[in-house]
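This is final.cif. It holds mmCIF, C-alpha atoms.
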data_target
#
loop_
_atom_site.label_atom_id
_atom_site.label_comp_id
_atom_site.auth_asym_id
_atom_site.auth_seq_id
_atom_site.Cartn_x
_atom_site.Cartn_y
_atom_site.Cartn_z
CA MET A 47 -34.54 -3.84 -41.97
CA HIS A 48 -31.36 -2.67 -43.61
CA CYS A 49 -28.29 -4.85 -43.59
CA HIS A 50 -25.52 -2.26 -43.64
CA HIS A 51 -22.39 -4.29 -43.69
CA PRO A 52 -21.92 -6.30 -46.91
CA GLN A 53 -21.18 -3.39 -49.24
CA PRO A 54 -18.74 -1.18 -47.30
CA ALA A 55 -17.10 -4.05 -45.39
CA GLY A 56 -16.89 -6.03 -48.60
CA PHE A 57 -15.11 -3.21 -50.40
CA ARG A 58 -12.61 -2.83 -47.56
CA LEU A 59 -11.98 -6.55 -47.38
CA CYS A 60 -11.65 -6.93 -51.13
CA ALA A 61 -9.07 -4.17 -51.07
CA LEU A 62 -7.26 -5.96 -48.25
CA ALA A 63 -7.35 -9.26 -50.14
CA ALA A 64 -5.99 -7.53 -53.23
CA LEU A 65 -3.19 -6.11 -51.13
CA TRP A 66 -2.06 -9.58 -50.14
CA LEU A 67 -2.90 -11.47 -53.30
CA GLY A 68 -0.81 -9.26 -55.51
CA THR A 69 -1.83 -5.91 -56.94
CA ALA A 70 0.44 -4.09 -59.37
CA ALA A 71 1.80 -2.05 -56.48
CA ALA A 72 2.50 -5.19 -54.46
CA ALA A 73 4.15 -6.81 -57.47
CA ALA A 74 6.50 -3.85 -57.76
CA ALA A 75 7.62 -4.21 -54.16
CA PRO A 76 10.63 -6.41 -53.45
CA ALA A 77 9.90 -9.92 -52.22
CA PRO A 78 10.01 -10.10 -48.43
CA GLN A 79 13.08 -11.62 -46.82
CA THR A 80 12.51 -15.23 -45.72
CA TYR A 81 13.92 -16.89 -42.63
CA ASP A 82 13.96 -20.70 -42.47
CA ILE A 83 13.65 -21.89 -38.88
CA THR A 84 16.17 -24.70 -39.46
CA ASP A 85 18.87 -22.09 -40.08
CA SER A 86 18.73 -21.30 -36.36
CA GLY A 87 18.87 -24.92 -35.29
CA ALA A 88 15.21 -25.99 -35.20
CA VAL A 89 15.05 -29.79 -35.45
CA PRO A 90 12.20 -31.43 -37.41
CA ASP A 91 11.98 -34.66 -35.40
CA GLY A 92 8.72 -34.03 -33.54
CA GLN A 93 10.57 -34.56 -30.21
CA THR A 94 13.06 -31.70 -29.76
CA LEU A 95 11.56 -28.61 -28.15
CA ASN A 96 12.30 -25.81 -30.62
CA THR A 97 10.74 -22.83 -28.84
CA LYS A 98 13.99 -20.90 -28.32
CA ALA A 99 15.29 -21.59 -31.84
CA ILE A 100 12.06 -20.50 -33.54
CA GLN A 101 11.60 -17.45 -31.30
CA SER A 102 15.16 -16.38 -32.15
CA VAL A 103 14.26 -16.51 -35.86
CA ILE A 104 11.17 -14.36 -35.22
CA ASP A 105 13.26 -11.86 -33.26
CA GLN A 106 15.97 -11.81 -35.94
CA CYS A 107 13.37 -11.24 -38.67
CA ALA A 108 11.80 -8.36 -36.73
CA ALA A 109 15.19 -6.76 -35.99
CA ALA A 110 16.07 -6.84 -39.70
CA GLY A 111 12.92 -4.93 -40.61
CA GLY A 112 10.50 -7.80 -41.10
CA GLY A 113 9.88 -10.66 -43.48
CA VAL A 114 8.49 -14.18 -43.46
CA VAL A 115 9.41 -16.95 -41.04
CA VAL A 116 9.25 -20.27 -42.91
CA VAL A 117 8.48 -23.70 -41.45
CA PRO A 118 9.85 -26.28 -43.93
CA LYS A 119 9.11 -30.00 -44.24
CA GLY A 120 9.18 -31.91 -40.95
CA VAL A 121 7.49 -31.85 -37.54
CA PHE A 122 8.70 -29.02 -35.31
CA LEU A 123 7.67 -29.17 -31.65
CA SER A 124 7.42 -25.85 -29.84
CA GLY A 125 5.88 -24.01 -26.94
CA ALA A 126 4.34 -20.53 -27.14
CA LEU A 127 5.73 -18.25 -29.84
CA PHE A 128 5.34 -14.46 -29.89
CA PHE A 129 5.41 -12.74 -33.28
CA LYS A 130 6.45 -9.13 -33.76
CA ASN A 131 5.38 -6.40 -36.12
CA GLY A 132 6.52 -7.01 -39.69
CA VAL A 133 6.91 -10.77 -39.20
CA SER A 134 4.60 -13.14 -41.11
CA LEU A 135 4.52 -16.95 -41.00
CA HIS A 136 4.51 -19.49 -43.83
CA VAL A 137 4.18 -23.23 -43.20
CA GLU A 138 5.27 -25.19 -46.26
CA THR A 139 3.66 -28.35 -47.60
CA ASN A 140 4.51 -31.27 -45.29
CA GLY A 141 5.67 -28.82 -42.65
CA VAL A 142 4.08 -29.19 -39.22
CA LEU A 143 4.30 -26.74 -36.31
CA LYS A 144 3.22 -28.80 -33.30
CA GLY A 145 2.39 -27.51 -29.83
CA SER A 146 4.06 -28.86 -26.71
CA VAL A 147 1.85 -30.31 -23.95
CA ASN A 148 3.93 -28.95 -21.06
CA PRO A 149 1.99 -26.15 -19.30
CA ASP A 150 5.32 -24.47 -18.45
CA ASP A 151 5.84 -23.80 -22.17
CA TYR A 152 2.88 -21.36 -22.18
CA PRO A 153 3.26 -18.28 -19.97
CA GLN A 154 0.36 -16.54 -18.28
CA ILE A 155 -0.29 -13.24 -20.07
CA PRO A 156 -2.89 -10.43 -20.02
CA THR A 157 -5.60 -11.44 -22.51
CA ARG A 158 -9.33 -12.06 -22.72
CA TRP A 159 -10.56 -15.60 -22.22
CA GLU A 160 -14.23 -16.58 -22.41
CA GLY A 161 -15.28 -12.93 -22.46
CA VAL A 162 -13.33 -11.69 -19.41
CA GLU A 163 -10.05 -9.76 -19.47
CA ARG A 164 -7.60 -11.51 -17.15
CA GLU A 165 -4.23 -13.17 -16.80
CA TRP A 166 -4.62 -16.40 -18.73
CA THR A 167 -2.61 -18.93 -20.63
CA SER A 168 -1.02 -17.63 -23.81
CA ALA A 169 -1.87 -19.12 -27.16
CA PHE A 170 0.52 -21.40 -29.04
CA LEU A 171 1.00 -18.71 -31.72
CA ASN A 172 0.56 -15.13 -30.47
CA PHE A 173 0.22 -12.09 -32.74
CA ASP A 174 -0.20 -8.88 -30.73
CA ASN A 175 -0.49 -5.26 -31.92
CA MET A 176 0.54 -6.12 -35.47
CA THR A 177 -0.38 -4.57 -38.81
CA ASN A 178 -0.25 -6.24 -42.24
CA VAL A 179 0.39 -9.81 -41.09
CA VAL A 180 -0.01 -12.96 -43.21
CA VAL A 181 -0.13 -16.51 -41.86
CA SER A 182 -0.28 -18.95 -44.76
CA GLY A 183 0.88 -22.12 -46.46
CA ASP A 184 -0.31 -25.62 -47.27
CA GLY A 185 1.26 -27.06 -44.13
CA THR A 186 -0.21 -27.89 -40.73
CA ILE A 187 -0.41 -26.32 -37.30
CA ASP A 188 -1.21 -28.98 -34.68
CA GLY A 189 -2.27 -28.03 -31.15
CA SER A 190 -1.78 -31.53 -29.70
CA GLY A 191 -5.24 -31.38 -28.17
CA ASP A 192 -5.52 -35.15 -28.17
CA LEU A 193 -2.37 -35.34 -26.02
CA TRP A 194 -3.63 -32.62 -23.66
CA MET A 195 -6.72 -34.76 -23.10
CA GLN A 196 -4.59 -37.81 -22.36
CA ARG A 197 -2.63 -35.91 -19.72
CA GLY A 198 -5.75 -34.83 -17.83
CA GLY A 199 -6.62 -31.64 -19.66
CA GLY A 200 -10.38 -31.93 -19.38
CA PRO A 201 -12.60 -29.05 -18.28
CA ARG A 202 -13.32 -28.24 -14.68
CA ARG A 203 -17.01 -28.64 -13.95
CA ALA A 204 -19.08 -26.32 -11.84
CA PRO A 205 -21.40 -27.99 -9.31
CA GLY A 206 -24.37 -29.48 -11.10
CA GLN A 207 -22.83 -29.08 -14.53
CA SER A 208 -23.07 -32.02 -16.89
CA PRO A 209 -19.82 -33.75 -17.91
CA GLY A 210 -20.64 -33.05 -21.55
CA ALA A 211 -20.72 -29.26 -21.26
CA THR A 212 -17.97 -27.96 -23.50
CA ASN A 213 -17.49 -24.27 -22.72
CA ALA A 214 -16.37 -24.72 -19.12
CA PRO A 215 -13.06 -23.12 -18.16
CA ALA A 216 -10.38 -25.60 -19.08
CA ALA A 217 -7.55 -26.65 -16.83
CA VAL A 218 -4.62 -29.00 -17.00
CA ALA A 219 -2.82 -30.86 -14.29
CA PRO A 220 0.35 -28.92 -13.51
CA ALA A 221 3.64 -30.37 -14.62
CA PRO A 222 5.62 -31.94 -11.74
CA SER A 223 8.26 -29.22 -12.13
CA ALA A 224 5.73 -26.37 -11.91
CA PRO A 225 6.83 -23.79 -9.33
CA ASN A 226 3.32 -23.70 -7.85
CA PRO A 227 1.88 -27.23 -7.86
CA GLY A 228 -1.57 -25.85 -6.94
CA LEU A 229 -1.78 -23.57 -9.97
CA ARG A 230 -4.49 -24.54 -12.43
CA ARG A 231 -3.91 -23.23 -15.90
CA GLY A 232 -5.91 -23.26 -19.08
CA ARG A 233 -5.07 -25.23 -22.16
CA PRO A 234 -3.50 -22.99 -24.82
CA ARG A 235 -5.55 -21.62 -27.67
CA MET A 236 -3.90 -22.47 -30.97
CA ILE A 237 -3.62 -19.03 -32.63
CA CYS A 238 -4.59 -15.67 -31.17
CA PHE A 239 -4.46 -12.31 -32.93
CA THR A 240 -4.94 -9.42 -30.47
CA HIS A 241 -5.24 -5.75 -31.48
CA CYS A 242 -4.14 -6.58 -35.04
CA ARG A 243 -5.14 -4.87 -38.26
CA ASN A 244 -4.97 -6.05 -41.87
CA VAL A 245 -4.63 -9.76 -41.17
CA ARG A 246 -4.77 -12.59 -43.67
CA ILE A 247 -4.69 -16.24 -42.57
CA ALA A 248 -5.14 -18.70 -45.42
CA ASP A 249 -4.74 -22.22 -46.82
CA LEU A 250 -3.52 -23.91 -43.67
CA HIS A 251 -4.52 -27.19 -42.05
CA LEU A 252 -5.26 -26.44 -38.40
CA GLN A 253 -5.84 -29.51 -36.25
CA ARG A 254 -6.27 -30.83 -32.74
CA GLN A 255 -6.53 -27.42 -31.10
CA ALA A 256 -6.18 -27.89 -27.33
CA VAL A 257 -8.99 -25.35 -26.88
CA TRP A 258 -10.19 -22.55 -29.24
CA CYS A 259 -8.40 -22.81 -32.59
CA LEU A 260 -8.33 -19.33 -34.17
CA HIS A 261 -9.12 -16.50 -31.74
CA LEU A 262 -9.47 -13.02 -33.26
CA LEU A 263 -9.53 -10.50 -30.40
CA TYR A 264 -9.92 -6.72 -30.81
CA CYS A 265 -8.92 -6.92 -34.49
CA GLN A 266 -9.95 -5.05 -37.62
CA ASP A 267 -9.80 -5.95 -41.32
CA VAL A 268 -9.29 -9.70 -41.16
CA VAL A 269 -9.55 -12.29 -43.93
CA ALA A 270 -9.62 -16.00 -43.02
CA ASP A 271 -9.73 -18.03 -46.23
CA HIS A 272 -9.49 -21.70 -47.21
CA LEU A 273 -8.71 -22.98 -43.72
CA ASN A 274 -9.23 -26.65 -42.93
CA ILE A 275 -9.90 -26.99 -39.19
CA ARG A 276 -10.21 -30.40 -37.54
CA ALA A 277 -10.62 -31.44 -33.92
CA ILE A 278 -12.41 -34.73 -34.44
CA GLU A 279 -11.17 -36.25 -31.19
CA ARG A 280 -13.14 -35.46 -28.05
CA ILE A 281 -11.55 -32.11 -27.22
CA PRO A 282 -13.91 -29.86 -25.18
CA SER A 283 -14.18 -26.19 -26.19
CA SER A 284 -12.39 -26.89 -29.48
CA ASP A 285 -14.12 -23.98 -31.28
CA GLY A 286 -13.03 -23.50 -34.88
CA ILE A 287 -12.98 -19.69 -35.20
CA ASP A 288 -13.88 -17.17 -32.47
CA VAL A 289 -14.40 -13.57 -33.59
CA ASP A 290 -14.19 -11.58 -30.36
CA SER A 291 -14.93 -7.82 -30.38
CA CYS A 292 -13.66 -7.43 -33.96
CA ARG A 293 -14.87 -5.47 -36.96
CA ASP A 294 -14.63 -5.91 -40.73
CA VAL A 295 -13.97 -9.65 -40.80
CA GLN A 296 -14.42 -11.97 -43.77
CA ILE A 297 -14.37 -15.76 -43.32
CA THR A 298 -14.57 -17.68 -46.61
CA HIS A 299 -14.12 -21.22 -47.94
CA CYS A 300 -13.34 -22.72 -44.53
CA ASP A 301 -14.01 -26.39 -43.76
CA ILE A 302 -14.53 -26.88 -40.02
CA ALA A 303 -15.34 -29.91 -37.85
CA CYS A 304 -14.82 -29.71 -34.08
CA ASN A 305 -16.40 -30.37 -30.66
CA ASP A 306 -17.98 -26.96 -30.06
CA ASP A 307 -18.98 -23.89 -32.07
CA ASN A 308 -17.61 -24.13 -35.60
CA ILE A 309 -17.61 -20.33 -35.78
CA ALA A 310 -18.64 -18.09 -32.88
CA ILE A 311 -19.11 -14.33 -32.80
CA LYS A 312 -18.40 -12.97 -29.32
CA CYS A 313 -17.90 -9.60 -27.60
CA GLY A 314 -17.36 -9.94 -23.86
CA LYS A 315 -19.17 -11.48 -20.92
CA ASP A 316 -21.23 -10.02 -18.09
CA ALA A 317 -19.90 -7.04 -16.09
CA ASP A 318 -16.44 -7.12 -17.68
CA GLY A 319 -17.87 -7.32 -21.19
CA LEU A 320 -20.17 -4.38 -20.43
CA ARG A 321 -17.15 -2.45 -19.09
CA VAL A 322 -15.08 -3.04 -22.24
CA ASN A 323 -18.17 -2.49 -24.40
CA GLN A 324 -16.54 -3.28 -27.76
CA PRO A 325 -18.87 -4.84 -30.36
CA SER A 326 -18.30 -7.40 -33.05
CA GLU A 327 -19.62 -5.93 -36.29
CA ASN A 328 -19.42 -6.00 -40.07
CA ILE A 329 -18.71 -9.71 -40.40
CA THR A 330 -19.28 -11.89 -43.47
CA ILE A 331 -19.09 -15.70 -43.35
CA SER A 332 -19.51 -17.32 -46.76
CA ASP A 333 -18.98 -20.53 -48.74
CA CYS A 334 -17.95 -22.56 -45.69
CA LEU A 335 -18.48 -26.27 -44.97
CA ILE A 336 -19.67 -26.79 -41.40
CA GLY A 337 -19.39 -30.40 -40.24
CA ALA A 338 -19.42 -31.79 -36.69
CA GLY A 339 -19.81 -29.00 -34.17
CA ALA A 340 -22.42 -26.58 -32.88
CA GLY A 341 -22.82 -24.45 -36.02
CA ILE A 342 -22.36 -20.72 -36.62
CA THR A 343 -23.16 -18.98 -33.36
CA MET A 344 -23.83 -15.51 -32.02
CA GLY A 345 -22.69 -15.65 -28.38
CA SER A 346 -22.86 -16.58 -25.67
CA GLU A 347 -20.51 -13.72 -24.80
CA VAL A 348 -22.66 -10.89 -26.23
CA SER A 349 -22.26 -8.08 -23.69
CA GLY A 350 -20.55 -5.67 -26.10
CA SER A 351 -23.21 -6.27 -28.80
CA ILE A 352 -23.09 -8.05 -32.17
CA ARG A 353 -24.39 -6.40 -35.32
CA HIS A 354 -24.26 -6.48 -39.12
CA VAL A 355 -23.40 -10.15 -39.65
CA LEU A 356 -24.04 -12.03 -42.91
CA VAL A 357 -23.80 -15.84 -43.14
CA GLU A 358 -24.35 -17.05 -46.70
CA ASN A 359 -23.81 -19.97 -49.05
CA CYS A 360 -22.66 -22.29 -46.27
CA ARG A 361 -23.31 -26.03 -46.09
CA PHE A 362 -24.04 -27.62 -42.73
CA ALA A 363 -23.57 -31.40 -42.66
CA GLY A 364 -24.21 -33.30 -39.43
CA SER A 365 -23.78 -30.25 -37.22
CA ASP A 366 -25.65 -29.70 -33.98
CA ALA A 367 -27.25 -26.47 -35.22
CA ALA A 368 -27.02 -24.04 -38.11
CA ALA A 369 -28.17 -20.57 -36.98
CA ARG A 370 -27.44 -20.43 -33.25
CA PHE A 371 -27.92 -17.54 -30.79
CA LYS A 372 -27.12 -17.90 -27.11
CA SER A 373 -26.93 -15.62 -24.10
CA GLN A 374 -27.74 -15.47 -20.39
CA PRO A 375 -29.61 -12.87 -18.30
CA SER A 376 -26.27 -11.64 -16.89
CA ARG A 377 -24.91 -10.73 -20.33
CA GLY A 378 -26.79 -7.66 -21.57
CA GLY A 379 -25.90 -6.47 -25.07
CA VAL A 380 -27.83 -6.29 -28.34
CA ILE A 381 -27.72 -8.81 -31.20
CA GLU A 382 -29.13 -7.12 -34.30
CA ASP A 383 -29.09 -7.02 -38.09
CA ILE A 384 -28.09 -10.65 -38.57
CA VAL A 385 -28.76 -12.35 -41.92
CA TYR A 386 -28.40 -16.05 -42.71
CA ARG A 387 -29.19 -16.73 -46.36
CA ASP A 388 -28.78 -19.42 -49.03
CA ASN A 389 -27.59 -22.11 -46.63
CA GLN A 390 -27.94 -25.88 -47.13
CA LEU A 391 -28.54 -28.25 -44.23
CA GLN A 392 -27.98 -32.00 -44.23
CA ASN A 393 -28.95 -34.04 -41.16
CA VAL A 394 -28.59 -31.09 -38.79
CA ARG A 395 -30.00 -31.54 -35.28
CA ARG A 396 -31.63 -28.09 -35.02
CA ALA A 397 -31.92 -25.63 -37.88
CA PHE A 398 -32.50 -22.63 -35.60
CA GLU A 399 -31.51 -22.33 -31.95
CA PHE A 400 -32.15 -19.11 -30.02
CA LEU A 401 -31.59 -19.59 -26.27
CA LEU A 402 -31.29 -16.53 -24.04
CA GLN A 403 -31.07 -18.75 -20.94
CA TRP A 404 -28.35 -20.94 -22.39
CA ARG A 405 -26.67 -23.40 -20.02
CA MET A 406 -27.79 -21.90 -16.74
CA VAL A 407 -25.48 -23.76 -14.35
CA PRO A 408 -24.18 -22.51 -10.98
CA PRO A 409 -22.64 -20.19 -10.11
CA ILE A 410 -25.12 -17.91 -11.87
CA ALA A 411 -24.21 -14.22 -12.20
CA PRO A 412 -26.92 -11.63 -11.39
CA PRO A 413 -28.97 -10.25 -14.29
CA ALA A 414 -27.53 -7.33 -16.24
CA PRO A 415 -29.21 -3.91 -15.74
CA VAL A 416 -30.55 -4.29 -19.30
CA LEU A 417 -31.15 -7.81 -20.58
CA THR A 418 -29.86 -9.10 -23.92
CA GLU A 419 -32.03 -7.98 -26.85
CA VAL A 420 -32.19 -10.03 -30.05
CA ARG A 421 -33.86 -8.25 -32.97
CA ASP A 422 -33.85 -7.85 -36.74
CA VAL A 423 -32.79 -11.34 -37.80
CA GLN A 424 -33.51 -12.65 -41.31
CA LEU A 425 -33.41 -16.39 -42.09
CA ILE A 426 -33.56 -16.68 -45.89
CA ASN A 427 -33.45 -19.65 -48.28
CA PHE A 428 -32.66 -22.52 -45.94
CA THR A 429 -33.01 -25.92 -47.61
CA GLY A 430 -32.36 -29.51 -46.55
CA THR A 431 -33.05 -31.99 -43.76
CA VAL A 432 -33.03 -31.50 -40.00
CA GLN A 433 -34.09 -33.48 -36.96
CA SER A 434 -35.90 -30.44 -35.58
CA LEU A 435 -36.68 -26.97 -36.86
CA GLY A 436 -35.41 -25.92 -33.46
CA ILE A 437 -36.26 -23.49 -30.71
CA ILE A 438 -36.63 -19.74 -30.31
CA ASN A 439 -36.72 -18.98 -26.61
CA GLY A 440 -36.27 -15.42 -25.36
CA LEU A 441 -36.62 -13.96 -21.88
CA LYS A 442 -39.99 -12.96 -20.42
CA ALA A 443 -38.69 -9.47 -19.78
CA SER A 444 -36.86 -9.33 -23.14
CA PRO A 445 -38.68 -11.31 -25.83
CA ILE A 446 -36.82 -12.03 -29.05
CA HIS A 447 -38.45 -9.90 -31.74
CA ASP A 448 -38.56 -9.03 -35.42
CA ILE A 449 -37.42 -12.39 -36.77
CA LYS A 450 -38.31 -13.06 -40.41
CA PHE A 451 -38.26 -16.37 -42.27
CA VAL A 452 -38.09 -16.21 -46.07
CA ASN A 453 -38.38 -19.31 -48.29
CA CYS A 454 -37.10 -21.79 -45.70
CA ASN A 455 -37.97 -25.16 -47.24
CA LEU A 456 -36.80 -27.69 -44.69
CA THR A 457 -37.80 -31.28 -44.06
CA ALA A 458 -37.86 -32.00 -40.32
CA GLN A 459 -38.85 -34.70 -37.88
CA ARG A 460 -40.15 -32.10 -35.40
CA GLY A 461 -41.29 -28.51 -35.51
CA LEU A 462 -40.18 -25.12 -34.17
CA THR A 463 -40.76 -24.41 -30.47
CA LEU A 464 -41.48 -20.78 -29.59
CA GLU A 465 -41.42 -19.03 -26.22
CA ASN A 466 -41.04 -15.36 -25.32
CA VAL A 467 -41.08 -14.23 -28.96
CA ARG A 468 -42.95 -11.39 -30.65
CA ASP A 469 -43.23 -9.89 -34.13
CA LEU A 470 -42.20 -13.15 -35.76
CA ASP A 471 -42.87 -13.53 -39.50
CA LEU A 472 -43.39 -17.25 -40.14
CA SER A 473 -44.87 -16.85 -43.61
CA GLY A 474 -41.60 -17.98 -45.19
CA LEU A 475 -41.33 -21.24 -43.25
CA PRO A 476 -43.19 -23.78 -45.44
CA ALA A 477 -41.51 -26.72 -43.70
CA THR A 478 -42.51 -30.38 -43.85
CA VAL A 479 -42.65 -31.95 -40.38
CA ALA A 480 -43.04 -35.69 -39.73
CA GLN A 481 -44.22 -35.48 -36.12
CA GLY A 482 -46.68 -32.95 -34.72
CA GLU A 483 -47.18 -29.35 -35.73
CA VAL A 484 -44.75 -27.11 -37.58
CA ILE A 485 -45.03 -24.46 -34.83
CA LEU A 486 -45.13 -25.47 -31.16
CA ARG A 487 -46.03 -23.00 -28.40
CA PRO A 488 -45.81 -25.05 -25.19
CA ASN A 489 -46.60 -22.16 -22.81
CA ALA A 490 -49.20 -20.37 -24.88
CA PRO A 491 -52.45 -19.64 -22.98
CA PRO A 492 -55.29 -22.00 -23.94
CA ALA A 493 -57.65 -20.71 -26.58
CA ALA A 494 -60.92 -19.27 -25.25
CA HIS A 495 -64.06 -21.30 -26.03
#
Representation of the structure as structure tokens:
Amino acid sequence: MHCHHPQPAGFRLCALAALWLGTAAAAAAPAPQTYDITDSGAVPDGQTLNTKAIQSVIDQCAAAGGGVVVVPKGVFLSGALFFKNGVSLHVETNGVLKGSVNPDDYPQIPTRWEGVEREWTSAFLNFDNMTNVVVSGDGTIDGSGDLWMQRGGGPRRAPGQSPGATNAPAAVAPAPSAPNPGLRRGRPRMICFTHCRNVRIADLHLQRQAVWCLHLLYCQDVVADHLNIRAIERIPSSDGIDVDSCRDVQITHCDIACNDDNIAIKCGKDADGLRVNQPSENITISDCLIGAGAGITMGSEVSGSIRHVLVENCRFAGSDAAARFKSQPSRGGVIEDIVYRDNQLQNVRRAFEFLLQWRMVPPIAPPAPVLTEVRDVQLINFTGTVQSLGIINGLKASPIHDIKFVNCNLTAQRGLTLENVRDLDLSGLPATVAQGEVILRPNAPPAAH
């Protein structure tokens, strides 16, 4: 197996990082014009709705040829904001940009939500069709997810679905003043970049996302660095970072604890994902701390295919899983050339979780013409403690194949359950298991006597 992405993607991303961190050429350029949101009347009291004032600053900055919109010290409440080309955002220390909890403050826009292109609720901060954009600072962006939950913003449940399922479509009770009281609308994602190129988002504290925190959609050349992401309250679908049909993405030094996938790689769902057919590829995730949450996940929206992903030097502490792959028979798509290496696990529930019939709850879409294929995965140098080595469960008609373990020294209570798997190299899994066998094959035919 050849892992193609680290070298070329790394060179591109290093060049991008150098662009933003200050090369000689950048140093020679004049400093960008800054626009303080309080100059247009934004009030830092945490109560006044500042959407119009802040949007006017963004528009003014764009009209003047671009620059940086600055959020100074204080708590600034706002609804959805729409950034324009040439406009970056800087949140200063002790500055807080806080999302409103009124659904009317977030318009319905064309986007992709949970793998399907549709009209859906805008994000809190929206960056569309932009090039060379920086979102930075030591301040905080707060999605008010705890308050959305208090006002009845829990997920709708399909019939038979458990209350704990966290990726269900989310809805909020409409505001009394809503023009259509029957309209059910999603909670707003915190930050969404769509069709953007050369993006850097760094150093921020992102907290209490109402639903997905950082959504990268149809983007190229993205660096996410030194982000602290926290949704420790019970906020369903509070993913940390979702990389959705993007290429050349580098996620480094991020510290994430949430109620769903800490980082998820996605690329469209079912028939619509197959129609769009745009992969996620050339992605490096390194030196991250993964706390509460479901781990670093491929899927479950995998219809456009995921390839050339490297996850290295990450520490998983108390997470639900570490290396996680999930799909459904309706998805299709290929997941290939995925490498997890040099990762430390501490009290993780499952080290490895491959489920190609993940959360099969009604209504169930028909199988794709070609089922999801998972192949060429390397799991290298895993160390630490887990409750279970986990599960690798493919489909009968599409077994998971060509999975290789290398030097995975884990201490576990229970072993690794295998079903619908072939060409699996277990020679590098010298695990210590307290209960039962290291490898469990519950549906293997009995040995002949």
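Distance-wise, CA of Glu419 in chain A and CA of Glu160 in chain A end up 20.3 Å apart.
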Please enclose the listed atoms of range 428-434 of chain A in an axis-aligned box, pad each side by 3 Å, and write out the centre and the three edge lengths in Å, rounded to one decimal, as JSON.
{"center_x": -34.1, "center_y": -28.0, "center_z": -41.6, "size_x": 9.5, "size_y": 17.0, "size_z": 18.0}
Name the closest residue to Asp307 in chain A among the candidates A:Trp159, A:Val269, A:Asp294, A:Lys372; distances are taken between atoms, counting all atoms listed in the file.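 Counting all atoms listed in the file, the residue closest to Asp307 in chain A is A:Lys372.
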Could you tell me which residues the PyMOL selection byres ((chain A and resi 241) around 12) returns for this structure, as a PDB file with C-alpha atoms, keeping the file's coordinate frame?
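And here's part.pdb as it stands now:
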ATOM      1  CA  ASN A 131       5.380  -6.400 -36.120  1.00  0.00           C
ATOM      2  CA  THR A 157      -5.600 -11.440 -22.510  1.00  0.00           C
ATOM      3  CA  ARG A 158      -9.330 -12.060 -22.720  1.00  0.00           C
ATOM      4  CA  ASN A 172       0.560 -15.130 -30.470  1.00  0.00           C
ATOM      5  CA  PHE A 173       0.220 -12.090 -32.740  1.00  0.00           C
ATOM      6  CA  ASP A 174      -0.200  -8.880 -30.730  1.00  0.00           C
ATOM      7  CA  ASN A 175      -0.490  -5.260 -31.920  1.00  0.00           C
ATOM      8  CA  MET A 176       0.540  -6.120 -35.470  1.00  0.00           C
ATOM      9  CA  THR A 177      -0.380  -4.570 -38.810  1.00  0.00           C
ATOM     10  CA  ASN A 178      -0.250  -6.240 -42.240  1.00  0.00           C
ATOM     11  CA  VAL A 179       0.390  -9.810 -41.090  1.00  0.00           C
ATOM     12  CA  CYS A 238      -4.590 -15.670 -31.170  1.00  0.00           C
ATOM     13  CA  PHE A 239      -4.460 -12.310 -32.930  1.00  0.00           C
ATOM     14  CA  THR A 240      -4.940  -9.420 -30.470  1.00  0.00           C
ATOM     15  CA  CYS A 242      -4.140  -6.580 -35.040  1.00  0.00           C
ATOM     16  CA  ARG A 243      -5.140  -4.870 -38.260  1.00  0.00           C
ATOM     17  CA  ASN A 244      -4.970  -6.050 -41.870  1.00  0.00           C
ATOM     18  CA  VAL A 245      -4.630  -9.760 -41.170  1.00  0.00           C
ATOM     19  CA  HIS A 261      -9.120 -16.500 -31.740  1.00  0.00           C
ATOM     20  CA  LEU A 262      -9.470 -13.020 -33.260  1.00  0.00           C
ATOM     21  CA  LEU A 263      -9.530 -10.500 -30.400  1.00  0.00           C
ATOM     22  CA  TYR A 264      -9.920  -6.720 -30.810  1.00  0.00           C
ATOM     23  CA  CYS A 265      -8.920  -6.920 -34.490  1.00  0.00           C
ATOM     24  CA  GLN A 266      -9.950  -5.050 -37.620  1.00  0.00           C
ATOM     25  CA  ASP A 267      -9.800  -5.950 -41.320  1.00  0.00           C
ATOM     26  CA  VAL A 268      -9.290  -9.700 -41.160  1.00  0.00           C
ATOM     27  CA  ASP A 290     -14.190 -11.580 -30.360  1.00  0.00           C
ATOM     28  CA  SER A 291     -14.930  -7.820 -30.380  1.00  0.00           C
ATOM     29  CA  CYS A 292     -13.660  -7.430 -33.960  1.00  0.00           C
ATOM     30  CA  ARG A 293     -14.870  -5.470 -36.960  1.00  0.00           C
TER      31      ARG A 293
END
Long-range neighbours of Ala414 in chain A as a VMD selection string, 8 Å cut-off, all atoms listed in the file, 6 positions minimum in chain: chain A and resid 316 to 317 375 to 378
Closest of A:Gly314, A:Gly132, A:Gly92, A:Gly482 to Ala109 in chain A - atom-to-atom distances counting all atoms listed in the file: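 For Ala109 in chain A, the nearest of the candidates is A:Gly132.
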Evaluate the PyMOL selection byres ((chain A and resi 392) around 12) and report residues as a ChimeraX atom specification: /A:335-338,360-368,389-391,393-397,428-434,456-458
Once the PyMOL selection byres ((chain A and resi 309) around 6) is applied to the coordinates I shared, what remains selected? I want it as a list in words. Gly286, Ile287, Asp288, Asp307, Asn308, Ala310 and Ile342 of chain A
What does the file look like for those residues with C-alpha atoms, as an mmCIF file, keeping the file's coordinate frame?
data_model
loop_
_atom_site.group_PDB
_atom_site.id
_atom_site.type_symbol
_atom_site.label_atom_id
_atom_site.label_comp_id
_atom_site.auth_asym_id
_atom_site.auth_seq_id
_atom_site.Cartn_x
_atom_site.Cartn_y
_atom_site.Cartn_z
ATOM 1 C CA GLY A 286 -13.030 -23.500 -34.880
ATOM 2 C CA ILE A 287 -12.980 -19.690 -35.200
ATOM 3 C CA ASP A 288 -13.880 -17.170 -32.470
ATOM 4 C CA ASP A 307 -18.980 -23.890 -32.070
ATOM 5 C CA ASN A 308 -17.610 -24.130 -35.600
ATOM 6 C CA ALA A 310 -18.640 -18.090 -32.880
ATOM 7 C CA ILE A 342 -22.360 -20.720 -36.620
#
